[in-house]
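In what follows, a single structure is set out as structure tokens and then discussed.
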Amino acid sequence: MPSGAPLGRFALPAAVLVAVGLLTAGAAVPGARAAGAPPLPIALDRLFVENLTGAEIAPGASGTISLNVHDPLPDPMSGTVLTVGVYAFNAFPGNATSEVDVASAPVLSNATASGLEVNDSLGTLVAGEVKPLSIPVQSGDSTPSGTFAVRTALEFEENGTSYHLASRGWFTAAQWSAATSGPNGTVDVNLTLLGVSGILPETSVLVSSNDFSYVLWGLLGGGVLVVALGAWLYFRRSNSSGGT
């Protein structure tokens, strides 16, 4: 953490925040929440959610969101639950961001459930363990072309303490703005105001039935890579202390 930075506030590159905002500007965030959670016990050089890759599919087709859940802590993570959910839609052409139409949105699934959001119970991960996951995605014939933003959240216990990490999509625009407005125009992330232990990356599901898919990935999907890089830099520099 940079010298003199207030506890609970950590710098993120401005490009990261802009990239995420492109997917959520003007749209409500269903299920947004900000409950108190303790800071992580140590500074980290690696993410809890790594190699997060979205899906590119045509209407009526299926694909897969892939990722690794990693325990970068010195002790086991128990009761580990990963949540992945579709929460916003960016139409193409037009680039209009809106709430997700449940009737036509892509459906996520796992062994026990399906819907806009799924929870994967991973049990206990020992220190350093990496657990790969694949989450099937199915679009419908009426699913519109565009980018569906996908948020992530992770809950676990370590040494008897419960931690909660979440991506940008779990917070309203007002919550995110209040927690990322640093002094003198700088861009920080205040974990205390957001009520989480850390920030996770996001991805997207690109639905396209024409040759615009590569253009869409360049304009919208590229932002996901920036988010993942920013999250990595965030954890690398943070010492995960609470406070304001």
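Letters A, B, ... mark the chains of the structure tokens in the order given; residue numbers begin at 1 per chain; ligand numbers begin at 1, in order shown.
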Check your understanding: If we count only C-alpha atoms, what is near A:Leu154 at a cut-off of 10 Å, once residues fewer than 3 positions away on the same chain are taken out, given as an MDAnalysis selection string?
Key -> chainID A and resid 48:49 69 80:84 119:120 163:167 197:200
Residue selection dump (N, CA, C and O atoms) as a compact mmCIF listing (two decimals), in the first residue's frame:
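Heads up, here's the output in part-v3.txt:
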```
# COMPACT_ATOMS: atom_id res chain seq x y z
N PHE A 48 -8.17 -14.41 -5.88
CA PHE A 48 -8.99 -15.55 -5.47
C PHE A 48 -9.70 -16.15 -6.70
O PHE A 48 -9.93 -17.35 -6.76
N VAL A 49 -10.08 -15.30 -7.65
CA VAL A 49 -10.70 -15.76 -8.90
C VAL A 49 -9.76 -15.39 -10.03
O VAL A 49 -9.48 -14.21 -10.27
N VAL A 69 -10.73 -20.92 -9.04
CA VAL A 69 -10.83 -20.39 -7.69
C VAL A 69 -9.57 -20.80 -6.94
O VAL A 69 -9.22 -21.98 -6.91
N THR A 80 -16.40 -22.60 1.20
CA THR A 80 -16.21 -21.70 0.07
C THR A 80 -17.38 -21.79 -0.90
O THR A 80 -17.74 -22.87 -1.37
N VAL A 81 -17.98 -20.63 -1.21
CA VAL A 81 -19.11 -20.56 -2.14
C VAL A 81 -18.84 -19.47 -3.17
O VAL A 81 -18.62 -18.30 -2.80
N LEU A 82 -18.87 -19.83 -4.44
CA LEU A 82 -18.70 -18.86 -5.52
C LEU A 82 -20.06 -18.59 -6.16
O LEU A 82 -20.79 -19.52 -6.49
N THR A 83 -20.39 -17.32 -6.32
CA THR A 83 -21.62 -16.91 -6.99
C THR A 83 -21.27 -16.22 -8.30
O THR A 83 -20.41 -15.33 -8.34
N VAL A 84 -21.93 -16.63 -9.38
CA VAL A 84 -21.74 -16.03 -10.69
C VAL A 84 -23.12 -15.70 -11.24
O VAL A 84 -24.02 -16.55 -11.21
N ASN A 119 -24.88 -20.65 -7.66
CA ASN A 119 -23.93 -20.75 -6.55
C ASN A 119 -23.24 -22.10 -6.60
O ASN A 119 -23.90 -23.14 -6.66
N ASP A 120 -21.92 -22.06 -6.56
CA ASP A 120 -21.14 -23.30 -6.55
C ASP A 120 -20.47 -23.46 -5.19
O ASP A 120 -19.63 -22.63 -4.80
N TYR A 163 -15.23 -14.18 5.32
CA TYR A 163 -14.85 -13.12 4.39
C TYR A 163 -15.81 -13.12 3.20
O TYR A 163 -16.36 -14.15 2.81
N HIS A 164 -15.99 -11.94 2.64
CA HIS A 164 -16.88 -11.78 1.48
C HIS A 164 -16.21 -10.85 0.47
O HIS A 164 -15.84 -9.72 0.79
N LEU A 165 -16.02 -11.35 -0.75
CA LEU A 165 -15.46 -10.56 -1.84
C LEU A 165 -16.49 -10.45 -2.94
O LEU A 165 -17.28 -11.39 -3.15
N ALA A 166 -16.51 -9.32 -3.65
CA ALA A 166 -17.51 -9.12 -4.69
C ALA A 166 -16.96 -8.24 -5.80
O ALA A 166 -16.02 -7.47 -5.60
N SER A 167 -17.54 -8.36 -6.98
CA SER A 167 -17.15 -7.53 -8.11
C SER A 167 -18.02 -6.28 -8.20
O SER A 167 -18.98 -6.12 -7.44
N SER A 197 -14.56 -7.60 1.73
CA SER A 197 -13.17 -7.88 2.07
C SER A 197 -12.23 -7.64 0.90
O SER A 197 -11.02 -7.53 1.08
N GLY A 198 -12.76 -7.60 -0.31
CA GLY A 198 -11.95 -7.39 -1.49
C GLY A 198 -12.80 -7.31 -2.74
O GLY A 198 -14.01 -7.56 -2.70
N ILE A 199 -12.17 -6.94 -3.85
CA ILE A 199 -12.85 -6.79 -5.13
C ILE A 199 -12.43 -7.91 -6.08
O ILE A 199 -11.25 -8.25 -6.18
N LEU A 200 -13.41 -8.47 -6.78
CA LEU A 200 -13.17 -9.54 -7.75
C LEU A 200 -13.34 -9.03 -9.17
O LEU A 200 -14.01 -8.02 -9.40
```
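With only C-alpha atoms taken into account, the protein and nucleic acid residues at most 6 Å from stretch 172-184 of chain A (excluding it and anything under 4 positions from it in its own chain) are Val29, Asp188, Val189, Asn190 and Leu193 of chain A.
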Practice item. For atom CA of A:Ala127 and atom CA of A:Leu108, quote the distance in Å rounded to one decimal. Key: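 Interatomic distance here is 28.8 Å.
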Check your understanding: atom CA of A:Thr97 and atom CA of A:Val207 are how many Å apart?
Key ->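 About the pair atom CA of A:Thr97 and atom CA of A:Val207: they are 14.5 Å apart.
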Review point. Out of A:Phe156, A:Phe171, A:Ile135, A:Val205, which residue has the shortest atom-to-atom distance to A:Leu191 when counting only C-alpha atoms?
Key: A:Phe171
**Study point:** Point-to-point distance from atom CA of A:Lys131 to atom CA of A:Ser78, Å rounded to tenths
**Key:** 13.3 Å
Review point. Which one is closest to A:Pro76: A:Gly123, A:Gly36, A:Gly195, A:Gly140? Count only C-alpha atoms.
Key: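 Checking each candidate against A:Pro76, we get A:Gly123 as the closest.
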Review point. Using only C-alpha atoms, which of the listed residues (A:Leu52, A:Ala113, A:Leu194, A:Ala103) sits closest to A:Asn68?
Key: A:Leu52
Exercise for review: May I have the residues within 8 Å of A:Phe92 as number ranges by chain, using only C-alpha atoms and disregarding those fewer than 6 positions away in the same chain?
Suggested key: A: 145-147
Go through stretch 27-226 of chain A and collect every residue that DSSP, computed from the backbone, puts in helix (DSSP H, G or I); the answer should be as a PDB file with C-alpha atoms, in the first residue's frame.
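out_7.pdb, freshly written:
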```pdb
ATOM      1  CA  ARG A 168     -18.386  -4.122  -9.290  1.00  0.00           C
ATOM      2  CA  GLY A 169     -21.757  -5.454 -10.376  1.00  0.00           C
ATOM      3  CA  TRP A 170     -22.992  -6.016  -6.817  1.00  0.00           C
ATOM      4  CA  ALA A 173     -23.770   3.492  -9.024  1.00  0.00           C
ATOM      5  CA  ALA A 174     -24.120   5.606  -5.881  1.00  0.00           C
ATOM      6  CA  GLN A 175     -22.361   3.043  -3.681  1.00  0.00           C
ATOM      7  CA  TRP A 176     -19.497   2.615  -6.142  1.00  0.00           C
ATOM      8  CA  SER A 177     -19.092   6.356  -6.674  1.00  0.00           C
ATOM      9  CA  ALA A 178     -18.938   7.051  -2.934  1.00  0.00           C
ATOM     10  CA  ALA A 179     -16.353   4.301  -2.415  1.00  0.00           C
ATOM     11  CA  PRO A 183      -8.731  12.835  -2.468  1.00  0.00           C
ATOM     12  CA  ASN A 184      -7.643  15.387  -5.084  1.00  0.00           C
ATOM     13  CA  GLY A 185      -9.456  13.547  -7.851  1.00  0.00           C
ATOM     14  CA  LEU A 191     -13.563  -1.532   1.031  1.00  0.00           C
ATOM     15  CA  THR A 192     -15.107  -0.316   4.276  1.00  0.00           C
ATOM     16  CA  LEU A 193     -17.740   1.751   2.473  1.00  0.00           C
ATOM     17  CA  LEU A 194     -18.500  -1.142   0.139  1.00  0.00           C
ATOM     18  CA  SER A 213     -18.589 -10.336 -32.825  1.00  0.00           C
ATOM     19  CA  TYR A 214     -14.930  -9.408 -33.164  1.00  0.00           C
ATOM     20  CA  VAL A 215     -15.807  -5.711 -33.090  1.00  0.00           C
ATOM     21  CA  LEU A 216     -17.878  -6.240 -29.953  1.00  0.00           C
ATOM     22  CA  TRP A 217     -15.079  -8.089 -28.188  1.00  0.00           C
ATOM     23  CA  GLY A 218     -12.703  -5.283 -29.062  1.00  0.00           C
ATOM     24  CA  LEU A 219     -15.010  -2.539 -27.775  1.00  0.00           C
ATOM     25  CA  LEU A 220     -16.638  -4.269 -24.817  1.00  0.00           C
ATOM     26  CA  GLY A 221     -14.913  -7.550 -24.021  1.00  0.00           C
ATOM     27  CA  GLY A 222     -11.548  -5.814 -23.939  1.00  0.00           C
ATOM     28  CA  GLY A 223     -12.714  -3.907 -20.911  1.00  0.00           C
ATOM     29  CA  VAL A 224     -13.024  -7.192 -19.029  1.00  0.00           C
ATOM     30  CA  LEU A 225      -9.300  -7.814 -19.483  1.00  0.00           C
ATOM     31  CA  VAL A 226      -8.586  -4.380 -18.038  1.00  0.00           C
TER      32      VAL A 226
END
```
Check your understanding: Which of these residues is nearest to A:Thr64, using only C-alpha atoms: A:Leu133, A:Thr112, A:Ser104, A:Ser142?
Key -> A:Leu133
Review point. Using only C-alpha atoms, which of A:Ala153, A:Val107, A:Met77, A:Ser208 sits nearest A:Val196?
Key: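 Nearest candidate to A:Val196 out of A:Ala153, A:Val107, A:Met77, A:Ser208: A:Ala153.
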